[in-house]
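The file protein-v8.txt comes next; it holds compact mmCIF, C-alpha atoms and all ligand atoms.
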```txt
# COMPACT_ATOMS: atom_id res chain seq x y z
CA MET A 24 -281.63 1.44 -10.36
CA PRO A 25 -282.89 4.95 -11.00
CA SER A 26 -280.47 7.77 -11.72
CA PRO A 27 -280.48 10.83 -9.47
CA PRO A 28 -282.85 13.54 -10.67
CA ARG A 29 -281.14 16.14 -12.84
CA ARG A 30 -281.56 19.85 -12.44
CA GLU A 31 -283.70 21.36 -15.21
CA SER A 32 -280.93 23.75 -16.29
CA GLU A 33 -278.44 20.88 -16.72
CA CYS A 34 -280.68 18.97 -19.09
CA TYR A 35 -279.62 19.33 -22.71
CA LEU A 36 -281.37 16.37 -24.31
CA ASP A 37 -284.68 15.29 -22.84
CA VAL A 38 -286.51 12.18 -24.03
CA GLN A 39 -289.87 11.26 -22.53
CA GLY A 40 -292.06 8.22 -23.18
CA LEU A 41 -290.69 7.19 -26.60
CA ARG A 42 -292.47 4.21 -28.14
CA LYS A 43 -292.14 2.67 -31.56
CA THR A 44 -293.78 -0.42 -33.01
CA PHE A 45 -292.74 -1.63 -36.46
CA ILE A 46 -294.89 -3.89 -38.61
CA ASP A 47 -292.62 -6.56 -40.03
CA LYS A 48 -294.34 -9.06 -42.37
CA LYS A 49 -297.69 -8.36 -40.67
CA ARG A 50 -296.05 -9.02 -37.28
CA LYS A 51 -295.85 -6.26 -34.68
CA VAL A 52 -292.33 -5.58 -33.36
CA GLU A 53 -292.29 -3.31 -30.30
CA ALA A 54 -288.81 -1.89 -30.85
CA ILE A 55 -288.94 0.61 -27.98
CA LYS A 56 -291.43 0.73 -25.13
CA ASP A 57 -291.49 3.87 -23.03
CA ILE A 58 -287.92 5.15 -23.21
CA SER A 59 -287.29 8.21 -20.98
CA PHE A 60 -283.99 9.80 -19.99
CA SER A 61 -282.20 13.11 -20.02
CA VAL A 62 -278.61 14.04 -20.78
CA ALA A 63 -276.78 17.02 -19.32
CA GLU A 64 -274.66 19.38 -21.39
CA GLY A 65 -271.14 18.03 -21.87
CA GLU A 66 -272.01 14.50 -20.76
CA MET A 67 -270.68 11.45 -22.56
CA VAL A 68 -273.41 8.83 -22.26
CA GLY A 69 -273.38 5.24 -23.47
CA PHE A 70 -276.36 3.24 -24.73
CA LEU A 71 -275.52 -0.35 -24.00
CA GLY A 72 -277.69 -3.28 -24.97
CA PRO A 73 -277.73 -6.60 -26.76
CA ASN A 74 -278.59 -6.87 -30.47
CA GLY A 75 -282.17 -5.81 -31.14
CA ALA A 76 -282.47 -3.99 -27.79
CA GLY A 77 -283.71 -0.75 -29.38
CA LYS A 78 -280.58 1.45 -29.33
CA THR A 79 -280.64 2.43 -33.01
CA THR A 80 -284.42 2.95 -32.97
CA THR A 81 -284.03 5.30 -29.99
CA ILE A 82 -281.31 7.30 -31.76
CA LYS A 83 -283.25 7.42 -35.04
CA SER A 84 -286.39 8.54 -33.20
CA ILE A 85 -284.46 11.40 -31.58
CA LEU A 86 -283.04 12.40 -34.97
CA GLY A 87 -286.50 12.26 -36.59
CA LEU A 88 -285.41 9.48 -38.98
CA VAL A 89 -288.02 7.21 -37.45
CA LYS A 90 -291.40 8.64 -36.45
CA PRO A 91 -292.13 7.44 -32.91
CA ASP A 92 -295.70 6.36 -32.08
CA SER A 93 -295.60 8.55 -28.99
CA GLY A 94 -293.20 10.50 -26.80
CA THR A 95 -291.41 13.81 -26.87
CA VAL A 96 -287.82 14.81 -27.56
CA THR A 97 -286.37 18.22 -26.78
CA VAL A 98 -282.84 19.39 -27.51
CA ASP A 99 -281.73 22.53 -25.71
CA GLY A 100 -285.41 23.18 -25.06
CA ILE A 101 -286.37 22.86 -28.76
CA ASP A 102 -289.19 20.39 -29.43
CA CYS A 103 -287.83 18.08 -32.17
CA ALA A 104 -291.26 17.20 -33.61
CA ARG A 105 -292.60 20.77 -33.73
CA ASN A 106 -289.38 22.45 -34.78
CA HIS A 107 -287.47 19.70 -36.56
CA ARG A 108 -285.29 21.94 -38.71
CA GLU A 109 -284.07 24.01 -35.74
CA ALA A 110 -283.51 20.89 -33.60
CA MET A 111 -281.45 19.23 -36.36
CA LYS A 112 -279.02 22.16 -36.30
CA GLN A 113 -278.03 21.00 -32.81
CA MET A 114 -277.29 17.38 -33.77
CA ALA A 115 -274.95 15.26 -35.87
CA ALA A 116 -274.80 11.49 -36.10
CA VAL A 117 -272.89 8.53 -37.42
CA LEU A 118 -275.43 5.77 -37.95
CA GLU A 119 -274.74 2.07 -37.84
CA GLY A 120 -274.86 0.40 -41.24
CA ALA A 121 -275.21 3.69 -43.14
CA ARG A 122 -272.47 5.00 -45.42
CA ASN A 123 -272.40 8.39 -43.67
CA THR A 124 -269.82 9.72 -46.22
CA TYR A 125 -269.40 10.10 -50.00
CA TRP A 126 -267.14 7.34 -51.22
CA ARG A 127 -265.92 9.17 -54.34
CA LEU A 128 -264.71 12.17 -52.33
CA THR A 129 -261.45 12.22 -50.38
CA VAL A 130 -261.37 12.34 -46.59
CA TRP A 131 -260.62 16.07 -46.61
CA GLU A 132 -263.34 16.79 -49.22
CA ASN A 133 -265.87 14.84 -47.16
CA ILE A 134 -265.03 16.81 -44.02
CA ARG A 135 -265.35 20.13 -45.89
CA PHE A 136 -268.57 19.01 -47.58
CA PHE A 137 -270.43 17.82 -44.46
CA ALA A 138 -269.28 20.80 -42.42
CA GLY A 139 -270.34 23.11 -45.28
CA ILE A 140 -273.89 21.81 -45.56
CA HIS A 141 -274.17 22.42 -41.84
CA GLY A 142 -273.11 26.04 -42.27
CA VAL A 143 -269.57 25.58 -40.91
CA SER A 144 -267.01 27.52 -42.93
CA ALA A 145 -264.09 25.38 -44.17
CA THR A 146 -261.86 28.47 -44.27
CA LYS A 147 -262.58 29.56 -40.72
CA GLU A 148 -262.46 26.06 -39.29
CA LYS A 149 -259.44 24.74 -41.23
CA ASP A 150 -257.39 24.40 -38.03
CA TYR A 151 -260.18 22.52 -36.34
CA PHE A 152 -260.49 20.11 -39.30
CA GLU A 153 -256.71 19.58 -39.16
CA TYR A 154 -257.07 18.85 -35.45
CA LEU A 155 -259.77 16.24 -36.21
CA LEU A 156 -257.47 14.57 -38.76
CA GLU A 157 -254.72 14.49 -36.16
CA VAL A 158 -256.77 13.18 -33.25
CA LEU A 159 -258.39 10.50 -35.44
CA LYS A 160 -255.04 9.62 -37.03
CA LEU A 161 -256.30 10.38 -40.53
CA GLN A 162 -253.53 12.75 -41.73
CA ASP A 163 -251.99 10.19 -44.08
CA LYS A 164 -255.38 9.50 -45.65
CA ARG A 165 -256.56 13.08 -46.19
CA ASN A 166 -256.28 12.88 -50.00
CA THR A 167 -257.52 9.29 -50.34
CA GLU A 168 -260.99 8.66 -51.72
CA VAL A 169 -263.12 7.08 -49.03
CA ARG A 170 -263.99 4.08 -51.27
CA ASN A 171 -260.30 3.10 -51.14
CA LEU A 172 -260.09 3.13 -47.36
CA SER A 173 -260.33 0.14 -45.02
CA SER A 174 -263.52 -0.09 -42.94
CA GLY A 175 -261.70 1.30 -39.88
CA TYR A 176 -260.59 4.45 -41.74
CA LYS A 177 -264.05 4.78 -43.34
CA GLN A 178 -265.57 4.74 -39.87
CA LYS A 179 -263.07 7.29 -38.55
CA THR A 180 -263.81 9.54 -41.55
CA ALA A 181 -267.53 9.32 -40.77
CA VAL A 182 -266.80 10.33 -37.16
CA ALA A 183 -264.63 13.24 -38.37
CA CYS A 184 -267.44 14.44 -40.70
CA ALA A 185 -270.00 14.31 -37.89
CA LEU A 186 -267.69 16.22 -35.52
CA ALA A 187 -266.76 18.77 -38.21
CA LYS A 188 -270.36 19.99 -38.16
CA LYS A 189 -269.55 21.40 -34.70
CA THR A 190 -272.98 20.61 -33.31
CA PRO A 191 -273.36 20.60 -29.54
CA LEU A 192 -274.90 17.09 -29.62
CA VAL A 193 -273.37 14.08 -31.43
CA PHE A 194 -274.68 10.52 -31.74
CA LEU A 195 -272.29 7.72 -32.59
CA ASP A 196 -274.17 4.47 -33.21
CA GLU A 197 -271.85 1.47 -32.75
CA PRO A 198 -268.74 3.46 -33.73
CA THR A 199 -266.34 0.57 -33.15
CA LEU A 200 -268.39 -2.13 -34.89
CA GLY A 201 -266.27 -4.11 -37.34
CA LEU A 202 -263.04 -2.38 -36.34
CA ASP A 203 -259.96 -4.40 -35.48
CA VAL A 204 -258.65 -4.17 -31.92
CA GLU A 205 -256.09 -1.46 -32.72
CA SER A 206 -258.53 0.78 -34.65
CA SER A 207 -261.13 0.33 -31.91
CA TYR A 208 -258.63 1.45 -29.25
CA GLU A 209 -257.54 4.39 -31.44
CA LEU A 210 -261.10 5.56 -31.93
CA ARG A 211 -261.85 5.24 -28.22
CA ALA A 212 -258.73 7.22 -27.37
CA ALA A 213 -259.77 9.90 -29.90
CA LEU A 214 -263.23 10.15 -28.34
CA ARG A 215 -261.75 10.47 -24.86
CA SER A 216 -259.38 13.21 -25.95
CA LEU A 217 -262.18 15.07 -27.80
CA GLN A 218 -264.30 14.82 -24.69
CA SER A 219 -261.57 16.38 -22.56
CA GLU A 220 -260.90 19.15 -25.12
CA GLU A 221 -264.47 20.07 -26.03
CA GLU A 222 -267.71 20.59 -24.19
CA ARG A 223 -269.77 18.39 -26.50
CA THR A 224 -272.64 16.19 -25.46
CA ILE A 225 -271.99 12.78 -26.97
CA VAL A 226 -274.18 9.68 -26.99
CA VAL A 227 -272.38 6.47 -27.98
CA SER A 228 -274.20 3.20 -28.54
CA SER A 229 -272.57 -0.19 -28.36
CA HIS A 230 -273.29 -3.77 -27.43
CA ASP A 231 -269.75 -3.93 -26.04
CA MET A 232 -269.47 -2.98 -22.39
CA LYS A 233 -265.74 -2.35 -22.70
CA VAL A 234 -266.29 0.38 -25.29
CA ILE A 235 -268.83 2.15 -23.08
CA GLN A 236 -266.68 1.74 -19.97
CA ASP A 237 -263.72 3.17 -21.84
CA VAL A 238 -265.30 6.33 -23.21
CA CYS A 239 -268.42 7.19 -21.21
CA ASP A 240 -269.16 8.63 -17.78
CA ARG A 241 -272.63 7.16 -17.63
CA VAL A 242 -274.35 4.10 -19.05
CA ILE A 243 -277.98 3.61 -20.01
CA ILE A 244 -278.61 -0.11 -20.44
CA ILE A 245 -281.42 -0.88 -22.87
CA SER A 246 -282.89 -4.35 -23.11
CA GLY A 247 -286.08 -5.48 -24.83
CA GLY A 248 -286.94 -1.89 -25.76
CA ARG A 249 -286.76 -0.59 -22.19
CA ILE A 250 -284.19 1.17 -20.03
CA VAL A 251 -283.16 -1.31 -17.35
CA THR A 252 -280.31 0.67 -15.80
CA ASP A 253 -279.26 4.31 -15.86
CA GLU A 254 -276.13 4.71 -13.76
CA SER A 255 -272.75 6.36 -13.71
CA ILE A 256 -270.01 3.91 -14.70
CA ASP A 257 -268.56 4.25 -11.18
CA GLY A 258 -271.99 3.60 -9.67
CA LEU A 259 -272.42 0.47 -11.76
CA LEU A 260 -268.97 -0.72 -10.72
CA SER A 261 -269.75 -0.21 -7.04
CA LEU A 262 -273.07 -2.05 -7.36
CA PHE A 263 -271.23 -5.12 -8.55
CA ARG A 264 -268.09 -4.75 -6.48
CA THR A 265 -267.57 -7.93 -4.53
CA ARG A 266 -265.71 -8.71 -1.32
CA ASN A 267 -264.00 -11.65 -2.94
CA TYR A 268 -260.39 -11.85 -1.81
CA ARG A 269 -257.59 -14.26 -2.57
CA ILE A 270 -254.95 -14.46 0.14
CA VAL A 271 -251.78 -16.46 -0.40
CA ILE A 272 -249.62 -17.41 2.57
CA SER A 273 -246.38 -19.33 2.44
CA GLN A 274 -245.90 -22.39 4.61
CA ASN A 275 -242.83 -21.95 6.75
CA THR A 276 -241.41 -23.48 9.89
CA ASN A 277 -242.39 -20.50 12.08
CA MET A 278 -246.05 -20.90 11.54
CA GLN A 279 -248.35 -22.91 13.77
CA HIS A 280 -249.22 -26.33 12.36
CA ALA A 281 -250.94 -25.76 9.05
CA GLU A 282 -253.69 -28.23 9.90
CA SER A 283 -254.84 -26.41 13.02
CA LEU A 284 -254.68 -23.09 11.14
CA LEU A 285 -256.81 -24.49 8.33
CA ALA A 286 -259.31 -25.89 10.86
CA GLU A 287 -259.54 -22.46 12.48
CA ILE A 288 -260.11 -20.77 9.10
CA ASN A 289 -262.73 -23.36 8.18
CA SER A 290 -264.69 -22.82 11.36
CA GLY A 291 -264.43 -19.00 11.26
CA PHE A 292 -265.05 -18.68 7.50
CA PRO A 293 -267.04 -21.70 6.30
CA GLN A 294 -267.45 -20.02 2.89
CA ALA A 295 -263.66 -19.97 2.30
CA GLU A 296 -262.11 -22.20 -0.34
CA ILE A 297 -258.64 -23.39 0.58
CA SER A 298 -256.07 -24.93 -1.70
CA GLU A 299 -252.56 -26.04 -0.81
CA THR A 300 -249.33 -26.42 -2.74
CA PRO A 301 -246.11 -27.73 -1.12
CA ASN A 302 -245.03 -24.14 -0.37
CA THR A 303 -248.20 -22.07 -0.22
CA ILE A 304 -251.76 -22.02 1.03
CA GLU A 305 -254.32 -20.05 -0.97
CA ILE A 306 -257.50 -18.86 0.72
CA ALA A 307 -260.31 -17.61 -1.53
CA VAL A 308 -263.04 -15.99 0.50
CA ASP A 309 -266.12 -13.84 -0.05
CA PHE A 310 -266.32 -11.74 3.12
CA LYS A 311 -269.83 -11.15 4.39
CA ASN A 312 -269.01 -7.67 5.66
CA PRO A 313 -266.08 -5.25 5.35
CA PHE A 314 -264.76 -6.12 8.84
CA GLU A 315 -264.36 -9.89 8.43
CA ILE A 316 -261.06 -9.43 6.63
CA TYR A 317 -259.53 -8.09 9.87
CA GLU A 318 -260.54 -11.30 11.68
CA LEU A 319 -258.88 -13.48 9.07
CA ILE A 320 -255.73 -11.35 9.05
CA GLU A 321 -255.60 -11.59 12.85
CA THR A 322 -255.94 -15.40 12.69
CA LEU A 323 -253.07 -15.51 10.19
CA ARG A 324 -250.94 -13.13 12.23
CA LYS A 325 -251.33 -15.24 15.40
CA SER A 326 -250.30 -18.36 13.48
CA GLY A 327 -247.15 -16.64 12.21
CA ALA A 328 -248.19 -17.26 8.61
CA PRO A 329 -246.27 -14.97 6.23
CA ILE A 330 -248.67 -13.30 3.77
CA GLU A 331 -247.38 -13.41 0.19
CA SER A 332 -250.23 -11.54 -1.49
CA ILE A 333 -253.75 -10.26 -1.04
CA THR A 334 -255.83 -9.54 -4.16
CA GLN A 335 -259.40 -8.41 -4.56
CA GLU A 336 -261.35 -9.89 -7.43
CA GLN A 337 -262.00 -7.20 -10.02
CA VAL A 338 -265.55 -6.33 -11.05
CA ASP A 339 -266.32 -7.84 -14.40
CA LEU A 340 -268.67 -5.31 -16.01
CA GLU A 341 -269.28 -7.65 -18.90
CA ARG A 342 -270.72 -10.15 -16.41
CA ALA A 343 -272.61 -7.39 -14.60
CA PHE A 344 -274.19 -6.29 -17.89
CA LEU A 345 -275.20 -9.84 -18.81
CA GLU A 346 -276.66 -10.36 -15.34
CA ILE A 347 -278.74 -7.16 -15.56
CA VAL A 348 -280.08 -8.16 -18.97
CA ARG A 349 -280.72 -11.74 -17.84
CA ARG A 350 -282.57 -10.59 -14.70
CA GLU A 351 -284.67 -8.20 -16.78
CA ASN A 352 -285.66 -11.02 -19.10
CA GLY A 353 -286.51 -13.25 -16.13
CA LEU A 354 -283.73 -15.71 -16.96
CA CYS A 355 -282.23 -16.28 -13.54
CA GLY A 356 -279.48 -18.76 -12.70
N1 LIG A 401 -287.41 -0.84 -39.95
C1 LIG A 401 -287.71 -1.86 -39.15
N2 LIG A 401 -288.72 -2.71 -39.45
C2 LIG A 401 -289.06 -3.73 -38.66
N3 LIG A 401 -288.45 -4.00 -37.47
C3 LIG A 401 -287.43 -3.20 -37.11
C4 LIG A 401 -287.01 -2.09 -37.92
N4 LIG A 401 -285.98 -1.45 -37.30
C5 LIG A 401 -285.76 -2.14 -36.15
N5 LIG A 401 -286.64 -3.18 -36.05
C6 LIG A 401 -286.70 -4.14 -34.92
O1 LIG A 401 -286.76 -3.37 -33.72
C7 LIG A 401 -285.98 -4.00 -32.69
C8 LIG A 401 -284.93 -3.00 -32.20
O2 LIG A 401 -283.98 -2.79 -33.24
P1 LIG A 401 -282.75 -1.79 -33.12
O3 LIG A 401 -282.12 -1.77 -34.45
O4 LIG A 401 -283.25 -0.52 -32.54
O5 LIG A 401 -281.86 -2.53 -32.05
P2 LIG A 401 -280.34 -2.25 -31.63
O6 LIG A 401 -280.33 -2.21 -30.13
O7 LIG A 401 -279.82 -1.09 -32.35
O8 LIG A 401 -279.64 -3.60 -32.10
P3 LIG A 401 -278.15 -3.85 -32.72
O9 LIG A 401 -277.22 -4.00 -31.53
O10 LIG A 401 -278.32 -5.14 -33.44
O11 LIG A 401 -277.80 -2.71 -33.59
C9 LIG A 401 -285.42 -5.26 -33.30
O12 LIG A 401 -286.27 -6.32 -32.98
C10 LIG A 401 -285.45 -4.99 -34.80
O13 LIG A 401 -285.57 -6.18 -35.53
MG MG A 402 -278.26 -0.80 -33.63
```

Kindly present the structure from the file in structure tokens form.
Ligand SMILES: Nc1ncnc2c1ncn2[C@@H]1O[C@H](COP(=O)(O)OP(=O)(O)OP(=O)(O)O)[C@@H](O)[C@H]1O
Ligand SMILES: [Mg+2]
Amino acid sequence: MPSPPRRESECYLDVQGLRKTFIDKKRKVEAIKDISFSVAEGEMVGFLGPNGAGKTTTIKSILGLVKPDSGTVTVDGIDCARNHREAMKQMAAVLEGARNTYWRLTVWENIRFFAGIHGVSATKEKDYFEYLLEVLKLQDKRNTEVRNLSSGYKQKTAVACALAKKTPLVFLDEPTLGLDVESSYELRAALRSLQSEEERTIVVSSHDMKVIQDVCDRVIIISGGRIVTDESIDGLLSLFRTRNYRIVISQNTNMQHAESLLAEINSGFPQAEISETPNTIEIAVDFKNPFEIYELIETLRKSGAPIESITQEQVDLERAFLEIVRRENGLCG
């Protein structure tokens, strides 16, 4: 499922042919195998993939924390290998499993410190730092040392420190990992509101489809070290949208004998599953084309069957993701 080609001028981050093999106890581990993609300025892109897929290795390779065996990375036209220092000025990251902050400093001190080493003035940007505290719901914790915070607040502090650097490109590797449901929702809401307020380019990695669906416009699915899908979230939804409908009719005295109606439905729609209760008949059907629904509605109308409800089965992106990964690994069925 290739993504549409992007115009050169739109491309902010460009990754071509990244490969990395680790040697683990004399065994070769091909962590990433030919990863290529580009991200436009202001895009919010998700890396989605199961554990061990190669998400973190891809991010670390872009940041120069892992030296790829081959491939090129450019950020705003700057070659990251040739001009690492200049490229790093464009990027900030919160890495999975890393501390990302100083535990003996308070939240506010951490924000000032990380912004400062990136050349961002704490005096000039005080209002912006206050805004970050507000959007990440960290105001009450501003004077708390990070070591005394729960893991959710630690993670939010790390995100605030990365954003305080004001770089055009930000990587957030598994930002919701280990957070409880409420903190995860809060962080997602904060990312969405930052995205609408600022023109940042943000790459978020997660193994949780719901997180990516919630915050990103586009998803790059990585499995076994390769990109298996690069699609807009809407595009992915439409690929897996089904024509599964559930129609409930009530059995009343006006309608034609239920048995002859059911026989008619069975012959017209052999794929339909019908279940009856004393008062209702439920028809679950996967229409072969978008026009078949009219035929069924017409059959029901002629029989005088009152329609109680019509619902379309929602696309389950979690299932779609698992199916893509399963297909890629040749595990059908
Ligand atoms: N430093 C390393 N040494 C050896 N193998 C490594 C190293 N780093 C990663 N790997 C291996 O490379 C593969 C990709 O790992 P990576 O951490 O990039 O995956 P991931 O998609 O981020 O997974 P997760 O969802 O678990 O974070 C895995 O098989 C992993 O064990
Ligand atoms: Mg990872």

Please list as a PDB file with C-alpha atoms, keeping the file's coordinate frame every residue within 6 Å of segment 193-209 of chain A, counting all atoms listed in the file and excluding residues in the same chain fewer than 3 positions away.
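So part.pdb came out as:
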```pdb
ATOM      1  CA  MET A 114    -277.290  17.380 -33.770  1.00  0.00           C
ATOM      2  CA  ALA A 115    -274.950  15.260 -35.870  1.00  0.00           C
ATOM      3  CA  ALA A 116    -274.800  11.490 -36.100  1.00  0.00           C
ATOM      4  CA  VAL A 117    -272.890   8.530 -37.420  1.00  0.00           C
ATOM      5  CA  LEU A 118    -275.430   5.770 -37.950  1.00  0.00           C
ATOM      6  CA  GLU A 119    -274.740   2.070 -37.840  1.00  0.00           C
ATOM      7  CA  GLY A 175    -261.700   1.300 -39.880  1.00  0.00           C
ATOM      8  CA  ALA A 212    -258.730   7.220 -27.370  1.00  0.00           C
ATOM      9  CA  ILE A 225    -271.990  12.780 -26.970  1.00  0.00           C
ATOM     10  CA  VAL A 226    -274.180   9.680 -26.990  1.00  0.00           C
ATOM     11  CA  VAL A 227    -272.380   6.470 -27.980  1.00  0.00           C
ATOM     12  CA  SER A 228    -274.200   3.200 -28.540  1.00  0.00           C
ATOM     13  CA  SER A 229    -272.570  -0.190 -28.360  1.00  0.00           C
TER      14      SER A 229
END
```

Given all atoms listed in the file, how would the per-residue table for chain A near ligand MG 402 (chain A) read, listing every residue at most 10 Å away with its closest atom pair and distance in Å to one decimal, sorted by chain and number, as a tab-separated table?
```
residue	atom	partner	partner_atom	distance
A:Phe70	CA	A:MG402	MG	10.0
A:Gly72	CA	A:MG402	MG	9.0
A:Pro73	CA	A:MG402	MG	9.0
A:Asn74	CA	A:MG402	MG	6.9
A:Gly75	CA	A:MG402	MG	6.8
A:Ala76	CA	A:MG402	MG	7.9
A:Gly77	CA	A:MG402	MG	6.9
A:Lys78	CA	A:MG402	MG	5.4
A:Thr79	CA	A:MG402	MG	4.1
A:Thr80	CA	A:MG402	MG	7.2
A:Thr81	CA	A:MG402	MG	9.2
A:Ile82	CA	A:MG402	MG	8.9
A:Lys83	CA	A:MG402	MG	9.7
A:Leu118	CA	A:MG402	MG	8.4
A:Glu119	CA	A:MG402	MG	6.2
A:Gly120	CA	A:MG402	MG	8.4
A:Asp196	CA	A:MG402	MG	6.7
A:Glu197	CA	A:MG402	MG	6.9
A:Ser228	CA	A:MG402	MG	7.6
A:Ser229	CA	A:MG402	MG	7.8
A:His230	CA	A:MG402	MG	8.5
```

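One finds atom CA of Ile134 of chain A at 11.3 Å from atom CA of Lys189 of chain A.
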
Build an axis-aligned box that encloses every atom of segment 342-347 of chain A listed in the file, pad it by 8 Å on each side, and report its centre and edge lengths in Å to one decimal, as lines of an AutoDock Vina configuration file.
```
center_x = -274.7
center_y = -8.3
center_z = -16.7
size_x = 24.0
size_y = 20.1
size_z = 20.2
```

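Atom CA of Ser59 of chain A lies 16.6 Å from atom CA of Ile101 of chain A.
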
Inset, instruction - For Lys90 of chain A, work out the shell of residues within 12 Å, counting all atoms listed in the file and skipping chain neighbours fewer than 6 positions away, then give it as a PyMOL selection string. - result: chain A and resi 41-45+55+80-84+96+103-104+107

Is it possible to add N, CA and C atoms to segment 249-266 of chain A and hand it back as a PDB file, keeping the file's coordinate frame?
```pdb
ATOM      1  N   ARG A 249    -286.603  -1.410 -23.398  1.00  0.00           N
ATOM      2  CA  ARG A 249    -286.760  -0.590 -22.190  1.00  0.00           C
ATOM      3  C   ARG A 249    -285.403  -0.263 -21.574  1.00  0.00           C
ATOM      4  N   ILE A 250    -285.410   0.842 -20.790  1.00  0.00           N
ATOM      5  CA  ILE A 250    -284.190   1.170 -20.030  1.00  0.00           C
ATOM      6  C   ILE A 250    -284.219   0.332 -18.757  1.00  0.00           C
ATOM      7  N   VAL A 251    -283.194  -0.480 -18.560  1.00  0.00           N
ATOM      8  CA  VAL A 251    -283.160  -1.310 -17.350  1.00  0.00           C
ATOM      9  C   VAL A 251    -282.189  -0.766 -16.312  1.00  0.00           C
ATOM     10  N   THR A 252    -281.253   0.047 -16.732  1.00  0.00           N
ATOM     11  CA  THR A 252    -280.310   0.670 -15.800  1.00  0.00           C
ATOM     12  C   THR A 252    -279.876   2.015 -16.357  1.00  0.00           C
ATOM     13  N   ASP A 253    -279.796   3.001 -15.472  1.00  0.00           N
ATOM     14  CA  ASP A 253    -279.260   4.310 -15.860  1.00  0.00           C
ATOM     15  C   ASP A 253    -278.365   4.738 -14.703  1.00  0.00           C
ATOM     16  N   GLU A 254    -277.083   4.560 -14.869  1.00  0.00           N
ATOM     17  CA  GLU A 254    -276.130   4.710 -13.760  1.00  0.00           C
ATOM     18  C   GLU A 254    -274.828   5.329 -14.248  1.00  0.00           C
ATOM     19  N   SER A 255    -274.111   5.964 -13.350  1.00  0.00           N
ATOM     20  CA  SER A 255    -272.750   6.360 -13.710  1.00  0.00           C
ATOM     21  C   SER A 255    -271.927   5.069 -13.793  1.00  0.00           C
ATOM     22  N   ILE A 256    -270.854   5.107 -14.577  1.00  0.00           N
ATOM     23  CA  ILE A 256    -270.010   3.910 -14.700  1.00  0.00           C
ATOM     24  C   ILE A 256    -269.485   3.525 -13.316  1.00  0.00           C
ATOM     25  N   ASP A 257    -269.065   4.528 -12.530  1.00  0.00           N
ATOM     26  CA  ASP A 257    -268.560   4.250 -11.180  1.00  0.00           C
ATOM     27  C   ASP A 257    -269.638   3.616 -10.306  1.00  0.00           C
ATOM     28  N   GLY A 258    -270.867   4.130 -10.449  1.00  0.00           N
ATOM     29  CA  GLY A 258    -271.990   3.600  -9.670  1.00  0.00           C
ATOM     30  C   GLY A 258    -272.247   2.148 -10.018  1.00  0.00           C
ATOM     31  N   LEU A 259    -272.192   1.849 -11.311  1.00  0.00           N
ATOM     32  CA  LEU A 259    -272.420   0.470 -11.760  1.00  0.00           C
ATOM     33  C   LEU A 259    -271.321  -0.449 -11.224  1.00  0.00           C
ATOM     34  N   LEU A 260    -270.094   0.067 -11.245  1.00  0.00           N
ATOM     35  CA  LEU A 260    -268.970  -0.720 -10.720  1.00  0.00           C
ATOM     36  C   LEU A 260    -269.179  -1.020  -9.238  1.00  0.00           C
ATOM     37  N   SER A 261    -269.614   0.016  -8.482  1.00  0.00           N
ATOM     38  CA  SER A 261    -269.750  -0.210  -7.040  1.00  0.00           C
ATOM     39  C   SER A 261    -270.911  -1.143  -6.728  1.00  0.00           C
ATOM     40  N   LEU A 262    -271.948  -1.130  -7.593  1.00  0.00           N
ATOM     41  CA  LEU A 262    -273.070  -2.050  -7.360  1.00  0.00           C
ATOM     42  C   LEU A 262    -272.629  -3.505  -7.461  1.00  0.00           C
ATOM     43  N   PHE A 263    -271.659  -3.742  -8.315  1.00  0.00           N
ATOM     44  CA  PHE A 263    -271.230  -5.120  -8.550  1.00  0.00           C
ATOM     45  C   PHE A 263    -269.883  -5.447  -7.900  1.00  0.00           C
ATOM     46  N   ARG A 264    -269.373  -4.475  -7.123  1.00  0.00           N
ATOM     47  CA  ARG A 264    -268.090  -4.750  -6.480  1.00  0.00           C
ATOM     48  C   ARG A 264    -268.287  -5.865  -5.446  1.00  0.00           C
ATOM     49  N   THR A 265    -267.409  -6.803  -5.455  1.00  0.00           N
ATOM     50  CA  THR A 265    -267.570  -7.930  -4.530  1.00  0.00           C
ATOM     51  C   THR A 265    -266.559  -7.798  -3.397  1.00  0.00           C
ATOM     52  N   ARG A 266    -266.723  -8.632  -2.385  1.00  0.00           N
ATOM     53  CA  ARG A 266    -265.710  -8.710  -1.320  1.00  0.00           C
ATOM     54  C   ARG A 266    -264.973 -10.036  -1.446  1.00  0.00           C
TER      55      ARG A 266
END
```
